[in-house]
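> Structure below; questions to follow.
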Amino acid sequence: MDNYFYLPFMLSVLAFALLHLVKLALRWPMAPRLPPGPWELPVIGGMHHLVNVLPHRSLRDLAAKHGPLMMLRLGQTPLVVVSSKEMARAVLMTHDANFATRPKLLAAGIVVYEWADIIFSPSTDYWRKLRQLCTSEILGPQRVLSFRHIREDEVMLRVEEIRAMGPSTPVNLSVMFHSMSNNIVSRAAFGNKPKNAPEFIAATKVLISLVSGFNIPDLFPAWTTVLARFTGMTRRLKDIHKTMDTILEEIIHERKATRDSKIKSGAEVVDENLLDVFIGLQEKGGLGFDLTNSIIKAVILDIFAGGTGTPASAMEWAMSELMRNPATMKKLQGQLREAFRGKAAVTEGDLQASNLRYLKLVLKESLRLHPPAPLLVPRESIEECQQNGYTIPAKSRVIINAWAIGRDPLYWKDAEEFRPERFEDGAIDFNGNNYEFLPFGSGRRMCPGFNYGLTSMELTFAGLLYHFDWSLPEGVKEVDMEEAPGLGVRRRSPLILCATPFVRATTTAC
């Protein structure tokens, strides 16, 4: 073939080939534009970025480099991290329905009766009915109010305990806050502390540490069963479940017998605690689902998980911040002592009548700096969706770094400083409508019992700051603010202070 025919022939072939490639390219789906993220390793992905670090701080630092919508692959699991007010609004409001479900974590499946609770139940009709039941019958304002005597009793018990110790004896407030929170929840849930309370509380603490979603078996869905057995996690979770189930089943049996006896005797009040309420609802029926003992136990576990450790930790941090900011402490104590002058005890009725706004501002500011769940509870995308120009794949795990957003200087002036006055205008509240302030989350999965915890915190601080002046132990120059390792923002060291009854002395000593 001479050159006259060869060149046109080759150009024709080349043109045909290019057209064919273009046609294939048009048919071939474009690779999705995923959110940016840090470098990854084979198999483990970005897991090395979260080893031996405080996750909320490490993820905040990574987001500073890669943006407020960031993706890491942890094992086989795509993890989307949200670190700005704007991205949080998109997840929690704009696309709330798509992000309203939970990943099926192994610990919740084994211990919490196959995700039968409020926190970890998938977004289904069952979950919606259960949440409605709990918000109206279990955690509603009237039910919270009905247990005020328990909170008042427990706070005054601590006041008398501290008073009896004397001004020279250091008080371990960390232990005291946790003990008080446990007692309040136990009495509200069961009527009194269960005889196996220490064992039950210990199991609850372990459970909380295993439902983080960052455990190895939860990050490799295709290998969860094998890895859980290999690491011993399955055996450990089954032991925890057996311990908790045995204790709860025994308590339910006892409460049913007690309740039946009251009904037979004609007692006017038979629902003295939350378990009684559940039993009554179970007998009444008509809820749209079968309220089994397993569901009751699952919700009770939620109440313990959310109502014990998190309020206690929040009170530790609030008291720590007050000790570091004596002017704020003095201002708050002055208002409390002016409002309750001459009273032997502070009640919730006194708090409501006095409307102590500054106390609420102090608690808001503490929760801004130290949210109880810094990364909130993980969510999962139901379907693929677009956000900020990026594709969020279906089944992506999504976490909101509420700790990072609460300290972002874009939204907060002097973000690292403790300044309760910043909330004075009342524009920002706890209801999840302000996405720069999310201590209890927002949207459909917002914590339904946050009012219960806040009520206990307000009364506790009113009692402790009204009755006592507080100081650091002798030789201690400043409050240690180091955080303990883990997903919860806990104090590394216990908060130990000295208390002097303010009506008996004007100076503090330790």
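Residues in the structure tokens are named by chain (A, B, ... in the order shown) and by number from 1 within that chain; ligands are numbered from 1 in the order shown.
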As a PyMOL selection string, please: every residue in region 254-463 of chain A that a backbone DSSP assignment puts in alpha helix (DSSP H).
chain A and resi 254-265+274-284+293-307+309-324+326-339+348-354+357-369+402-406+450-463
> Kindly provide the residues of region 193-312 of chain A that approach region 383-401 of chain A to within 12 Å, each paired with its closest atom pair and their distance in Å to one decimal, based on only C-alpha atoms, listed by chain and increasing number, as CSV.

residue,atom,partner,partner_atom,distance
A:Ser212,CA,A:Ile399,CA,10.8
A:Gly213,CA,A:Arg397,CA,9.0
A:Phe214,CA,A:Arg397,CA,10.7
A:Asp218,CA,A:Arg397,CA,10.9
A:Leu219,CA,A:Arg397,CA,9.9
A:Pro221,CA,A:Lys395,CA,11.0
> Which one of A:Val91, A:Ala202, A:Ala499, A:Ala462 sits closest to Met156 (chain A) if you count only C-alpha atoms?
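The closest residue to Met156 (chain A) is A:Ala462.
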> Measuring between only C-alpha atoms, which one of A:Lys262, A:Arg158, A:Lys193, A:Lys284 shows the shortest distance to Val175 (chain A)?
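Smallest distance to Val175 (chain A) is found for A:Arg158.
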> Could you work out how far CA of Leu79 (chain A) lies from CA of Met481 (chain A), giving the answer in Å with one decimal?
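Rounded to one decimal, the two atoms are 29.2 Å apart.
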> Taking 6 positions as the minimum chain separation for residues in the same chain, which residues sit within 10 Å of Val43 (chain A) when counting only C-alpha atoms? Answer as a ChimeraX atom specification.
/A:73-76,220
> Would you put the residues from that selection into a file with C-alpha atoms, as a tab-separated table (two decimals), in the first residue's frame?

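Listed below is the output, out.tsv:
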chain	number	residue	atom	x	y	z
A	73	ARG	CA	-11.40	4.99	55.39
A	74	LEU	CA	-11.12	3.05	58.63
A	75	GLY	CA	-10.61	-0.54	57.59
A	76	GLN	CA	-13.54	-1.24	55.27
A	220	PHE	CA	-14.39	-4.53	58.95
> Measuring atom to atom with only C-alpha atoms, identify which of A:Gly37, A:Pro494, A:Gly488, A:Pro473 is nearest to Ser168 (chain A).
A:Pro473
> Please provide as a PyMOL selection string all residues within 6 Å of region 440-455 of chain A, with the sequence filter that same-chain residues fewer than 3 positions apart are discarded (counting only C-alpha atoms).
chain A and resi 92+139+311+432+458
> Need the shell around Arg60 (chain A): protein/DNA/RNA residues with any atom at most 8 Å away, counting only C-alpha atoms. Skip same-chain ones fewer than 4 positions apart. Format as a ChimeraX atom specification?
/A:56,64,83,401,404
> Quick one: write out the picked residues with N, CA and C atoms as a PDB file, in the first residue's frame?

ATOM      1  N   HIS A  56     -11.217  13.435  69.232  1.00  0.00           N
ATOM      2  CA  HIS A  56     -11.848  14.717  68.900  1.00  0.00           C
ATOM      3  C   HIS A  56     -10.813  15.782  68.568  1.00  0.00           C
ATOM      4  N   ALA A  64      -8.538  20.770  59.906  1.00  0.00           N
ATOM      5  CA  ALA A  64      -7.910  22.054  59.607  1.00  0.00           C
ATOM      6  C   ALA A  64      -7.107  21.985  58.308  1.00  0.00           C
ATOM      7  N   SER A  83     -17.028  19.026  60.715  1.00  0.00           N
ATOM      8  CA  SER A  83     -16.356  19.870  61.702  1.00  0.00           C
ATOM      9  C   SER A  83     -16.700  21.347  61.574  1.00  0.00           C
ATOM     10  N   ASN A 401     -18.164  16.426  64.897  1.00  0.00           N
ATOM     11  CA  ASN A 401     -17.205  16.808  65.933  1.00  0.00           C
ATOM     12  C   ASN A 401     -17.732  18.041  66.663  1.00  0.00           C
ATOM     13  N   ALA A 404     -15.085  20.225  68.372  1.00  0.00           N
ATOM     14  CA  ALA A 404     -14.342  21.137  67.501  1.00  0.00           C
ATOM     15  C   ALA A 404     -15.195  22.338  67.105  1.00  0.00           C
TER      16      ALA A 404
END
